[in-house]
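K.L.:
Sharing a structure with you now.
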Amino acid sequence: MNTTRRSHKLLAMTAASALVFAACGSDDDASTTTDGEASTGTDAEAPVETDGEAPAETDGEAPAETDAPAETDGEAAAGSDGGTLIWAHEQEPGDLHLDDPENNLSITSWIRSAMIEGLFGISGATEYYPELLADDGELTTNDDGSVTGTFTMRDGLLWSDGDDLTADDVVWTYNTIMAADGETEDGDPNYIYLLGDRTGLDTITDISADGNTISITWSSFFAGYKGVLNEVYPMHQFNADPAAAAAELNDGLREWTAPDGSTIASSGPMIFDSWEKGVQMNLVRNDAYSGSNSPDAKNNGVAFVDGVQINFVTDTDAQINALQAGEAQIVMTQPQLAFEDLASSDDFTVASSAGPVFEHWGLNLNNVHLAKPGVREGLAFAMDKTEVMAGLYTPLFGDSLPAEGLGNTMWLSNQSTYENHSGDAGYGAGDIASAQAALEGAGYNLNGDNVYEHPEDGVLTLRVGTTGGNRLREIQQELIQAQMSDAGIDIVIDNVEGGAYFSEVPFSADAIACATSGGAEGNCDIWDITQFAWVGGPWPGGQVASYRAGGPNNPYGFANDAFEVKADECDATVDDAERAACYNEIDRYVTTLELDAENGLFMLPLTQKPSFYGFTSDLSQAGVAPDAQGAGPLTNVADFQFAS
Amino acid sequence: MCVTVSQNLVLVYTSTDRSVATLFAYVTRRVLISVPLLVIAMYLVHVGVSATVDPRSDFYLCLPRCQEGFDSITETYALDTNIFLRPFTYFASLFSGDGLGFSSSVGEPVGEVMRTRGWNTAMVAIPAFLLGAILSLLLSVYSARRQYSFGDYFFTSLSFIGFAMPSFVLALIIQVIFGVKLEEWFGIKPFNTGRKTGENFWELLRDITLPAVSLAILGIAADSRFGRSSMLETLNQDYIRTARAKGLTERTVVWKHALRNGLIPLVTLWALGFSALLSGSVVTESIFSWPGIGQTFLRALGDSDLDLLMAIVMFTGVLTVVFNLIADVLYGVLDPRIRLG
């Protein structure tokens with residue numbers, strides 16, 4: 001009896017285990033060629049209509065999903081026209097009002113990039129190119145120091161509903177964004193249109209349209225002028241009065257609906273169609289599209305695909321599963337490990353591009369150790385960014401990013417203006433001997449635990465903190481921690497879970513008080529080293545602002561009069577190349593000791609994060625997006641094309 | 001003689017005096033007790049969430065250029081108020097006509113979000129519950145009647161695996177096998193890997209099946225174990241022996257006499273389980289991209305959407321109270337000796 005029971009147990013356990021093992025079966029099967037059904041959703045499947053909650057249809061002039069795309073530049077791969085491109089993505093915007101301070105998600109800008117264009121766009125090289133403009137325009141410095149830009153719109157531009165897209169739309173957009181209803185308690189204009197940052201717009205003293213030409217005058221030169229008015233809205237669908245229009249836009253942009261209930265007209269290759277919150281959003285082709293001016297675009301006509309369906313799939317593994325099940329044709333997600341299986345399959349293509357996000361370590365100059373230049377150099381020398389890159393990104397990024405990591409905080413490695421300042425100084429290469437020499441030069445000696453110790457300031461132990469829960473970043477910290485240990489620097493990882501790290505640690509009131517007072521006030525012991533990511537762009541104005549002395553965005557305690565003067569000079573330099581060189585020069589204050597031997601080198605740029613895309617091989621041509629600031633998978637949506 | 005089962009529930013072996021008035025009084029008392037409990041819970045959750053999330057976190061890095069947006073959010077969430085006083089601002093807004101507020105993460109009024117997402121969750125939760133309840137009941141009876149048989153060991157093993165397996169692993173396994181591999185292996189694709197297409201009933205069925213099965217399996221693993229134990233205990237009771245001695249068929253003994261008593265522990269589990277299912281499953285809904293309460297909760301947490309978080313907590317609390325109450329009432333229905341005290 002007992003034997004029988006044991007055999008029953010054994011048999012049952014074996015059967016159950018077999019089921020589990022079967023369920024966890026080898027992923028090798030993923031490379032098995034699937035049949036043509038994997039392309040579900042590509043043929044003649046128009047974006048799915050949703051229930052009544054979706055924004056209303058367009059006014060009937062919306063393009064039908066029939067005509068073949070027009071003119072291309074001949075470089076397009078052979079493929080068929082039509083089909084719906086399905087993109088599975090984890091993030092969903094709260095609404096489509098990108099300028100609402102509560103909605104600054106990347107996904108919002110990525111979606112909008114397919115629907116609305118502006119004066120200038122951003123290319124894959126993270127540089128501006130004229131988007132609605134015919135060329136870069138001309139800048140003239142006036143006698144009173146103001147600067148006037150004269151810009152010409154491209155000929156024949158149309159909104160998706162057939163109306164002309166003109167310079168008047170540009171002027172109206174500006175007036176709407178700047179419309180105010182009285183003043184705030186502080187005496188500032190009480191702007192109606194929701195926008196968190198009006199830098200560059202608020203110094204415009206005059207804007208006017210004359211035919212196809214726009215004239216904009218700034219009170220003084222604004223280096224980021226190409227970034228203003230990066231989206232232009234259709235005046236004909238809104239109130240002509242800017243104040244009324246601002247309120248209408250605040251409401252309408254959320255669901256992409258004009259006051260009359262129609263869809264807001266597009267100037268980009270796609271038109272908003274419908275949105276079922278939590279499930280999917282649908283875009284359809286804009287057959288009135290004038291074609292992309294992007295230097296990256298292969299198709300200069302209307303999009304090949306009939307439309308785009310964005311499925312909101314929150315789990316990374318589920319996105320990959322959706323791709324493998326033929327329920328999506330493109331995914332772009334983190335971590336990149338998820339793509340390794342895909343990369344080994346003939347059914348999928350994995351591509352990477354240099355992302356706009358870069359990680360860096362910021363150093364607290366009011367820390368007793370970090371106040372010594374030798375300690376900061378010790379950190380910089382001991383860090384081996386090549387190892388970090390190889391450990392985290394090499395398997396998939398290929399040569400899209402420099403193997404030696406990032407060496408600049410103003411420019412990204414894929415920008416033509418990039419210079420590797422850290423590398424030029426010999427930093428970031430795991431040079432232990434130089435690191436130890438720098439530390440010993442600063443008065444430190446190795447103690448019995450092989451950690452450097454200062455006779456007065458004690459053991460060289462430094463905390464590095466960031467927002468916890470980001471595994472990729474944590475691995476990066478652990479790698480560097482080990483590198484520092486080799487050099488005799490004790491690094492303690494001190495992350496804070498949740499989104500409160502920055503507000504409670506480096507940017508807390510006490511920490512900022514310490515930084516702005518040179519250590520006289522506040523609390524200088526809240527943090528030592530902070531790690532976080534910035535988004536780079538074609539104008540590094542944000543970085544420069546955060547390095548300026550005494551600002552609430554400068555927790556490092558860096559203050560240098562020469563830097564301030566030079567930064568002002570950079571911001572005022574009209575010539576693009578000269579301005580870029582100028583920013584490179586002031587970056588050397590930040591990333592080296594060349595220009596400020598006492599307070600320089602308070603930022604250690606680490607790595608630029610690549611972006612990964614996975615495609616089904618049904619796509620004969622994929623518009624691998626230049627993942628520049630504000631760009632995303634739909635940036636070159638007109639290029640996507642299904643195989644024949 | 002009585003045995004206390006829970007704080008408010010008393011087994012009285014001698015009394016059968018249950019009236020509608022008693023039931024009403026009991027329900028009213030429980031509801032009244034629940035209100036302050038819910039308020040305290042919401043207060044603590046509000047303070048806890050406020051202490052750990054900062055809706056302005058993205059703005060610190062662009063100050064002072066984005067001061068306007070920073071100030072706007074500060075005002076919206078009363079972030080310049082003491083953290084322990086902020087919940088009162090929220091409670092005041094609840095009764096000031098603003099209702100549950102506006103969800104910044106979804107971009108809709110919170111009431112509307114709760115309605116649509118709650119319905120979506122129910123679309124999966126109800127079939128998952130029914131499937132789980134029926135199968136766990138059948139497995140409980142089967143295992144109890146055939147204790148130590150091959151089938152009993154087999155289902156016991158499966159239950160333990162179900163117990164031990166994290167829900168996200170189970171969900172992913174089901175998704176891979178039935179959503180991806182079936183097509184590779186057999187050329188058929190009966191189910192979608194996730195998402196609510198809503199195109200038609202059959203498509204919806206393809207969407208719902210995998211998340212519902214995934215949730216049901218988790219419930220079956222636990223419930224069938226408890227049900228088996230309860231049924232075994234009941235089947236060894238004297239009155240069951242008496243029933244058999246009277247010559248009743250085994251089917252009548254089991255399904256009519258034993259099952260009612262054996263069901264009592266399962267009722268508690270079902271009530272709590274069903275309220276949990278209706279509150280949304282964060283993991284399963286996320287993996288199957290199901291736009292329900294669980295997924296919405298995760299999103300609200302990530303986006304520091306205080307109003308929505310509070311509404312979901314309130315919703316979950318109310319469901320828990322209501323289903324506990326239903327379970328208590330059902331005890332009396334299943335066993336007439338139980339009186340609500």
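Lettering and numbering for the structure tokens are positional, with chains as A, B, ... in the shown order, residues counted from 1 in each chain, and ligands counted from 1 in the shown order.
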Within 6 Å of chain A, which residues belong to chain B? Use only C-alpha atoms and report them as a list of chain:residue names.
P.N.:
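Taken together, these residues fit the definition: B:Val53, B:Asp54, B:Leu63, B:Arg65, B:Cys66, B:Glu68, B:Gly69, B:Ser105, B:Val106, B:Gly107, B:Phe150, B:Tyr153, B:Phe154, B:Ser157, B:Leu158, B:Ile173, B:Val180, B:Ser286, B:Ile287, B:Ser289, B:Pro291.
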K.L.:
Take the residues from that selection and write them out as a compact mmCIF listing (two decimals), in the first residue's frame, keeping all heavy atoms.
P.N.:
```txt
# COMPACT_ATOMS: atom_id res chain seq x y z
N VAL B 53 6.21 59.85 -2.51
CA VAL B 53 6.21 60.32 -3.90
C VAL B 53 6.10 61.83 -3.93
O VAL B 53 5.49 62.43 -3.06
CB VAL B 53 5.05 59.71 -4.74
CG1 VAL B 53 5.14 58.21 -4.80
CG2 VAL B 53 3.70 60.14 -4.20
N ASP B 54 6.70 62.40 -4.94
CA ASP B 54 6.64 63.84 -5.11
C ASP B 54 6.25 64.11 -6.56
O ASP B 54 7.02 63.86 -7.47
CB ASP B 54 8.00 64.46 -4.80
CG ASP B 54 7.94 65.99 -4.83
OD1 ASP B 54 6.94 66.53 -5.34
OD2 ASP B 54 8.89 66.62 -4.34
N LEU B 63 14.44 73.54 -12.82
CA LEU B 63 14.24 74.82 -12.14
C LEU B 63 15.45 75.73 -12.38
O LEU B 63 16.55 75.22 -12.51
CB LEU B 63 14.08 74.58 -10.64
CG LEU B 63 12.74 74.00 -10.19
CD1 LEU B 63 12.78 73.68 -8.71
CD2 LEU B 63 11.59 74.95 -10.48
N ARG B 65 13.75 77.37 -14.66
CA ARG B 65 13.08 77.64 -15.94
C ARG B 65 11.64 77.16 -15.95
O ARG B 65 10.80 77.70 -16.65
CB ARG B 65 13.87 76.99 -17.08
CG ARG B 65 15.22 77.66 -17.32
CD ARG B 65 15.89 77.13 -18.54
NE ARG B 65 16.16 75.71 -18.44
CZ ARG B 65 15.96 74.84 -19.40
NH1 ARG B 65 15.48 75.25 -20.55
NH2 ARG B 65 16.23 73.57 -19.23
N CYS B 66 11.38 76.10 -15.17
CA CYS B 66 10.02 75.56 -15.18
C CYS B 66 9.31 75.87 -13.85
O CYS B 66 8.51 75.07 -13.39
CB CYS B 66 10.05 74.07 -15.46
SG CYS B 66 11.10 73.16 -14.32
N GLU B 68 7.02 77.87 -13.20
CA GLU B 68 5.56 78.00 -13.35
C GLU B 68 4.86 76.65 -13.19
O GLU B 68 3.88 76.52 -12.45
CB GLU B 68 5.27 78.57 -14.74
CG GLU B 68 3.89 79.16 -14.88
CD GLU B 68 3.69 79.70 -16.30
OE1 GLU B 68 4.67 80.20 -16.90
OE2 GLU B 68 2.57 79.60 -16.79
N GLY B 69 5.39 75.67 -13.86
CA GLY B 69 4.81 74.34 -13.76
C GLY B 69 4.98 73.75 -12.37
O GLY B 69 4.09 73.11 -11.82
N SER B 105 -2.61 60.99 -14.24
CA SER B 105 -1.91 59.95 -15.01
C SER B 105 -2.76 59.43 -16.16
O SER B 105 -2.23 59.04 -17.20
CB SER B 105 -1.50 58.79 -14.10
OG SER B 105 -2.63 58.18 -13.53
N VAL B 106 -4.06 59.42 -15.99
CA VAL B 106 -4.93 58.91 -17.06
C VAL B 106 -5.52 60.05 -17.88
O VAL B 106 -5.86 59.88 -19.05
CB VAL B 106 -6.06 58.02 -16.47
CG1 VAL B 106 -6.98 57.50 -17.55
CG2 VAL B 106 -5.47 56.87 -15.69
N GLY B 107 -5.62 61.23 -17.27
CA GLY B 107 -6.15 62.37 -17.99
C GLY B 107 -7.66 62.39 -18.04
O GLY B 107 -8.25 62.88 -19.00
N PHE B 150 -3.89 8.47 -6.96
CA PHE B 150 -3.00 9.11 -7.94
C PHE B 150 -3.50 10.52 -8.25
O PHE B 150 -2.74 11.49 -8.30
CB PHE B 150 -2.93 8.28 -9.22
CG PHE B 150 -2.22 9.00 -10.34
CD1 PHE B 150 -0.82 9.06 -10.37
CD2 PHE B 150 -2.94 9.64 -11.34
CE1 PHE B 150 -0.17 9.73 -11.39
CE2 PHE B 150 -2.28 10.32 -12.36
CZ PHE B 150 -0.90 10.35 -12.38
N TYR B 153 -2.78 12.96 -5.46
CA TYR B 153 -1.38 13.38 -5.45
C TYR B 153 -1.08 14.32 -6.61
O TYR B 153 -0.35 15.31 -6.47
CB TYR B 153 -0.45 12.16 -5.55
CG TYR B 153 -0.35 11.39 -4.26
CD1 TYR B 153 -0.53 10.01 -4.24
CD2 TYR B 153 -0.05 12.04 -3.07
CE1 TYR B 153 -0.43 9.30 -3.07
CE2 TYR B 153 0.05 11.33 -1.89
CZ TYR B 153 -0.14 9.96 -1.88
OH TYR B 153 -0.03 9.27 -0.73
N PHE B 154 -1.65 14.00 -7.73
CA PHE B 154 -1.40 14.82 -8.92
C PHE B 154 -1.88 16.26 -8.69
O PHE B 154 -1.15 17.23 -8.91
CB PHE B 154 -2.11 14.20 -10.13
CG PHE B 154 -1.92 14.98 -11.40
CD1 PHE B 154 -0.70 14.95 -12.09
CD2 PHE B 154 -2.95 15.76 -11.92
CE1 PHE B 154 -0.53 15.68 -13.26
CE2 PHE B 154 -2.77 16.49 -13.09
CZ PHE B 154 -1.56 16.44 -13.75
N SER B 157 0.11 18.04 -6.04
CA SER B 157 1.39 18.53 -6.58
C SER B 157 1.19 19.80 -7.39
O SER B 157 1.94 20.78 -7.25
CB SER B 157 2.03 17.46 -7.47
OG SER B 157 2.18 16.27 -6.76
N LEU B 158 0.16 19.77 -8.24
CA LEU B 158 -0.11 20.96 -9.05
C LEU B 158 -0.42 22.16 -8.16
O LEU B 158 0.00 23.29 -8.44
CB LEU B 158 -1.28 20.71 -10.00
CG LEU B 158 -0.98 19.92 -11.27
CD1 LEU B 158 -2.24 19.88 -12.14
CD2 LEU B 158 0.16 20.55 -12.06
N ILE B 173 4.25 32.34 -18.34
CA ILE B 173 4.26 30.98 -18.91
C ILE B 173 2.99 30.75 -19.73
O ILE B 173 3.03 30.26 -20.87
CB ILE B 173 4.38 29.94 -17.79
CG1 ILE B 173 5.81 29.94 -17.23
CG2 ILE B 173 4.04 28.54 -18.29
CD1 ILE B 173 5.99 29.08 -16.00
N VAL B 180 1.85 32.49 -27.74
CA VAL B 180 2.92 32.53 -28.73
C VAL B 180 3.21 31.15 -29.32
O VAL B 180 3.20 30.96 -30.53
CB VAL B 180 4.21 33.11 -28.10
CG1 VAL B 180 5.33 33.14 -29.13
CG2 VAL B 180 3.97 34.50 -27.54
N SER B 286 -0.95 43.75 -15.58
CA SER B 286 0.18 44.39 -16.26
C SER B 286 0.74 43.49 -17.35
O SER B 286 1.02 43.94 -18.46
CB SER B 286 1.29 44.71 -15.25
OG SER B 286 0.84 45.66 -14.34
N ILE B 287 0.89 42.21 -17.03
CA ILE B 287 1.49 41.31 -18.02
C ILE B 287 0.56 41.12 -19.22
O ILE B 287 1.02 41.07 -20.36
CB ILE B 287 1.84 39.97 -17.35
CG1 ILE B 287 3.06 40.20 -16.46
CG2 ILE B 287 2.12 38.88 -18.38
CD1 ILE B 287 3.49 39.05 -15.64
N SER B 289 -1.54 43.30 -20.18
CA SER B 289 -1.91 44.65 -20.65
C SER B 289 -3.40 44.89 -20.52
O SER B 289 -4.01 45.46 -21.41
CB SER B 289 -1.49 44.84 -22.11
OG SER B 289 -0.19 44.41 -22.30
N PRO B 291 -6.48 46.72 -19.17
CA PRO B 291 -6.67 48.06 -18.60
C PRO B 291 -7.64 48.07 -17.42
O PRO B 291 -8.71 48.68 -17.47
CB PRO B 291 -7.23 48.86 -19.79
CG PRO B 291 -7.94 47.85 -20.62
CD PRO B 291 -7.21 46.55 -20.45
```
K.L.:
Determine which residues of stretch 67-217 of chain B receive a DSSP assignment of strand (DSSP E or B), computed from the backbone, and state them as a ChimeraX atom specification.
P.N.:
/B:102-103,108-109
K.L.:
Do you know which residues are at most 6 Å from stretch 93-100 of chain B counting only C-alpha atoms, after dropping those on the same chain fewer than 2 positions away, and could you put them as a ChimeraX atom specification?
P.N.:
/B:90-91,110
K.L.:
Take atom CA of A:Gly522 and atom CA of A:Asp490 and report the distance between them in Å, one decimal.
P.N.:
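Atom CA of A:Asp490 lies 25.7 Å from atom CA of A:Gly522.
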K.L.:
Output as a ChimeraX atom specification all residues of stretch 65-184 of chain B that backbone DSSP marks as alpha helix (DSSP H).
P.N.:
/B:67-76,86-94,110-145,150-164,167-174,182-184
K.L.:
Rounded to one decimal in Å, what is the spacing between atom CA of A:Ala297 and atom CA of A:Val170?
P.N.:
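Separation between atom CA of A:Ala297 and atom CA of A:Val170: 24.0 Å.
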K.L.:
Near A:Asp81, counting only C-alpha atoms, which residues have an atom at most 7 Å away, once you skip same-chain residues fewer than 5 positions from it, shown as a list in words?
P.N.:
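Skipping anything fewer than 5 positions along the chain leaves Ala68, Phe304, Val305, Gln641 and Phe642 of chain A.
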K.L.:
For the selection just defined, write its residues with all heavy atoms to a file, as a tab-separated table (two decimals), in the first residue's frame.
P.N.:
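The resulting file, again32.tsv, is shown below:
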```tsv
chain	number	residue	atom	x	y	z
A	68	ALA	N	-1.85	54.99	-52.78
A	68	ALA	CA	-0.45	54.63	-52.56
A	68	ALA	C	0.33	55.89	-52.25
A	68	ALA	O	0.04	56.95	-52.77
A	68	ALA	CB	0.11	53.97	-53.81
A	304	PHE	N	4.15	55.20	-46.06
A	304	PHE	CA	3.79	53.99	-46.78
A	304	PHE	C	2.62	53.28	-46.09
A	304	PHE	O	1.73	52.75	-46.74
A	304	PHE	CB	4.98	53.02	-46.82
A	304	PHE	CG	6.12	53.49	-47.67
A	304	PHE	CD1	7.37	53.73	-47.12
A	304	PHE	CD2	5.97	53.68	-49.04
A	304	PHE	CE1	8.42	54.16	-47.90
A	304	PHE	CE2	7.02	54.11	-49.83
A	304	PHE	CZ	8.25	54.35	-49.26
A	305	VAL	N	2.66	53.26	-44.77
A	305	VAL	CA	1.63	52.51	-44.05
A	305	VAL	C	0.34	53.33	-43.95
A	305	VAL	O	0.36	54.55	-43.99
A	305	VAL	CB	2.10	52.13	-42.62
A	305	VAL	CG1	3.26	51.16	-42.69
A	305	VAL	CG2	2.48	53.36	-41.81
A	641	GLN	N	7.72	50.44	-43.84
A	641	GLN	CA	7.07	49.80	-44.98
A	641	GLN	C	7.07	48.29	-44.77
A	641	GLN	O	8.07	47.72	-44.34
A	641	GLN	CB	7.82	50.14	-46.28
A	641	GLN	CG	7.10	49.71	-47.54
A	641	GLN	CD	7.83	50.18	-48.80
A	641	GLN	OE1	9.04	50.40	-48.77
A	641	GLN	NE2	7.11	50.33	-49.88
A	642	PHE	N	5.96	47.69	-45.07
A	642	PHE	CA	5.87	46.23	-44.94
A	642	PHE	C	6.47	45.54	-46.17
A	642	PHE	O	6.45	46.10	-47.26
A	642	PHE	CB	4.42	45.78	-44.77
A	642	PHE	CG	3.88	46.10	-43.41
A	642	PHE	CD1	3.03	47.16	-43.21
A	642	PHE	CD2	4.25	45.34	-42.31
A	642	PHE	CE1	2.54	47.47	-41.97
A	642	PHE	CE2	3.77	45.64	-41.05
A	642	PHE	CZ	2.92	46.70	-40.88
```
K.L.:
Need to verify the contact set: stretch 381-386 of chain A, 10 Å, only C-alpha atoms, exclusion of same-chain residues closer than 3 positions in sequence. Can you return it as an MDAnalysis selection string?
P.N.:
chainID A and resid 375:378 389:392 394 402:407 422:423 425:438 476 479:489 604:607
K.L.:
One decimal, in Å: what's the spacing between atom CA of B:Thr284 and atom CA of A:Trp87?
P.N.:
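Atom-to-atom, atom CA of B:Thr284 to atom CA of A:Trp87, that is 21.1 Å.
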K.L.:
Might you pull out every residue within 7 Å of stretch 221-233 of chain B, with only C-alpha atoms counted and same-chain residues fewer than 3 positions away left off, and present them as a VMD selection string?
P.N.:
chain B and resid 136 to 137 139 to 141 143 to 144 159 to 160 162 to 163 217 to 218 236 to 237 262 266 269
K.L.:
Kindly export the residues of the current selection with all heavy atoms, as a compact mmCIF listing (two decimals), in the first residue's frame.
P.N.:
```txt
# COMPACT_ATOMS: atom_id res chain seq x y z
N SER B 136 -12.09 24.63 -8.02
CA SER B 136 -11.56 24.34 -6.68
C SER B 136 -12.56 23.52 -5.88
O SER B 136 -12.18 22.63 -5.11
CB SER B 136 -11.20 25.63 -5.94
OG SER B 136 -12.34 26.43 -5.77
N LEU B 137 -13.83 23.77 -6.11
CA LEU B 137 -14.86 22.98 -5.43
C LEU B 137 -14.81 21.52 -5.89
O LEU B 137 -14.78 20.59 -5.07
CB LEU B 137 -16.23 23.59 -5.73
CG LEU B 137 -17.42 22.91 -5.08
CD1 LEU B 137 -17.38 23.13 -3.58
CD2 LEU B 137 -18.72 23.45 -5.64
N LEU B 139 -12.33 19.96 -7.33
CA LEU B 139 -11.07 19.34 -6.92
C LEU B 139 -11.07 19.02 -5.43
O LEU B 139 -10.52 17.99 -5.01
CB LEU B 139 -9.88 20.26 -7.24
CG LEU B 139 -9.53 20.39 -8.72
CD1 LEU B 139 -8.40 21.40 -8.92
CD2 LEU B 139 -9.13 19.04 -9.30
N SER B 140 -11.68 19.89 -4.65
CA SER B 140 -11.76 19.64 -3.20
C SER B 140 -12.52 18.36 -2.93
O SER B 140 -12.08 17.49 -2.15
CB SER B 140 -12.48 20.80 -2.50
OG SER B 140 -11.82 21.99 -2.72
N VAL B 141 -13.65 18.23 -3.57
CA VAL B 141 -14.48 17.04 -3.35
C VAL B 141 -13.77 15.80 -3.87
O VAL B 141 -13.70 14.76 -3.20
CB VAL B 141 -15.85 17.22 -4.05
CG1 VAL B 141 -16.66 15.93 -3.98
CG2 VAL B 141 -16.62 18.37 -3.42
N SER B 143 -10.51 15.27 -4.32
CA SER B 143 -9.35 14.90 -3.51
C SER B 143 -9.76 14.34 -2.16
O SER B 143 -9.11 13.44 -1.63
CB SER B 143 -8.45 16.12 -3.29
OG SER B 143 -7.82 16.47 -4.47
N ALA B 144 -10.84 14.88 -1.61
CA ALA B 144 -11.29 14.39 -0.30
C ALA B 144 -11.87 12.98 -0.41
O ALA B 144 -11.65 12.12 0.44
CB ALA B 144 -12.32 15.34 0.28
N SER B 159 -1.17 21.89 -7.09
CA SER B 159 -1.52 22.99 -6.18
C SER B 159 -0.28 23.59 -5.55
O SER B 159 -0.16 24.81 -5.44
CB SER B 159 -2.46 22.49 -5.07
OG SER B 159 -3.66 22.06 -5.61
N PHE B 160 0.63 22.72 -5.13
CA PHE B 160 1.85 23.23 -4.50
C PHE B 160 2.67 24.05 -5.50
O PHE B 160 3.25 25.07 -5.15
CB PHE B 160 2.68 22.07 -3.93
CG PHE B 160 2.09 21.48 -2.68
CD1 PHE B 160 2.22 20.13 -2.39
CD2 PHE B 160 1.39 22.28 -1.79
CE1 PHE B 160 1.68 19.58 -1.24
CE2 PHE B 160 0.83 21.74 -0.63
CZ PHE B 160 0.97 20.39 -0.36
N GLY B 162 1.41 25.65 -7.98
CA GLY B 162 0.66 26.90 -8.12
C GLY B 162 0.92 27.84 -6.96
O GLY B 162 1.06 29.05 -7.14
N PHE B 163 0.99 27.26 -5.75
CA PHE B 163 1.30 28.05 -4.56
C PHE B 163 2.67 28.71 -4.68
O PHE B 163 2.86 29.88 -4.39
CB PHE B 163 1.36 27.13 -3.34
CG PHE B 163 0.15 27.17 -2.47
CD1 PHE B 163 -0.41 26.00 -2.00
CD2 PHE B 163 -0.44 28.38 -2.11
CE1 PHE B 163 -1.53 26.02 -1.19
CE2 PHE B 163 -1.56 28.41 -1.30
CZ PHE B 163 -2.10 27.23 -0.84
N ILE B 217 -6.18 30.07 -11.85
CA ILE B 217 -5.24 29.05 -11.37
C ILE B 217 -4.67 29.42 -10.01
O ILE B 217 -4.54 28.58 -9.12
CB ILE B 217 -4.10 28.85 -12.40
CG1 ILE B 217 -4.65 28.14 -13.63
CG2 ILE B 217 -2.95 28.05 -11.80
CD1 ILE B 217 -3.67 28.00 -14.77
N LEU B 218 -4.36 30.69 -9.84
CA LEU B 218 -3.83 31.13 -8.55
C LEU B 218 -4.84 30.86 -7.44
O LEU B 218 -4.49 30.44 -6.34
CB LEU B 218 -3.50 32.63 -8.60
CG LEU B 218 -2.36 33.02 -9.54
CD1 LEU B 218 -2.27 34.53 -9.67
CD2 LEU B 218 -1.04 32.47 -9.02
N ASN B 236 -15.54 12.96 7.84
CA ASN B 236 -15.27 12.11 9.00
C ASN B 236 -16.16 12.44 10.19
O ASN B 236 -15.96 11.90 11.28
CB ASN B 236 -13.80 12.25 9.41
CG ASN B 236 -12.88 11.56 8.41
OD1 ASN B 236 -13.24 10.49 7.89
ND2 ASN B 236 -11.75 12.16 8.12
N GLN B 237 -17.10 13.35 9.99
CA GLN B 237 -18.01 13.71 11.08
C GLN B 237 -19.00 12.57 11.34
O GLN B 237 -19.33 11.78 10.44
CB GLN B 237 -18.79 14.98 10.71
CG GLN B 237 -17.92 16.22 10.53
CD GLN B 237 -17.58 16.87 11.86
OE1 GLN B 237 -18.39 16.85 12.79
NE2 GLN B 237 -16.38 17.41 11.96
N GLY B 262 -18.74 21.65 4.39
CA GLY B 262 -17.38 21.74 3.85
C GLY B 262 -17.13 23.05 3.14
O GLY B 262 -15.98 23.49 2.98
N LEU B 266 -14.39 27.71 2.48
CA LEU B 266 -14.21 28.21 1.12
C LEU B 266 -14.95 29.52 0.90
O LEU B 266 -14.51 30.37 0.12
CB LEU B 266 -14.70 27.17 0.11
CG LEU B 266 -13.74 26.01 -0.16
CD1 LEU B 266 -14.34 25.07 -1.19
CD2 LEU B 266 -12.41 26.52 -0.65
N LEU B 269 -12.75 32.27 1.87
CA LEU B 269 -11.69 32.45 0.87
C LEU B 269 -12.24 33.07 -0.41
O LEU B 269 -11.63 33.96 -1.01
CB LEU B 269 -11.05 31.10 0.54
CG LEU B 269 -10.15 30.50 1.61
CD1 LEU B 269 -9.74 29.09 1.21
CD2 LEU B 269 -8.91 31.37 1.80
```
K.L.:
Given only C-alpha atoms as the basis, pick out the residue of B:Leu130, B:Trp119, B:Ile240, B:Lys196 nearest to B:Thr252.
P.N.:
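With only C-alpha atoms as the atom set, the closest residue is B:Ile240.
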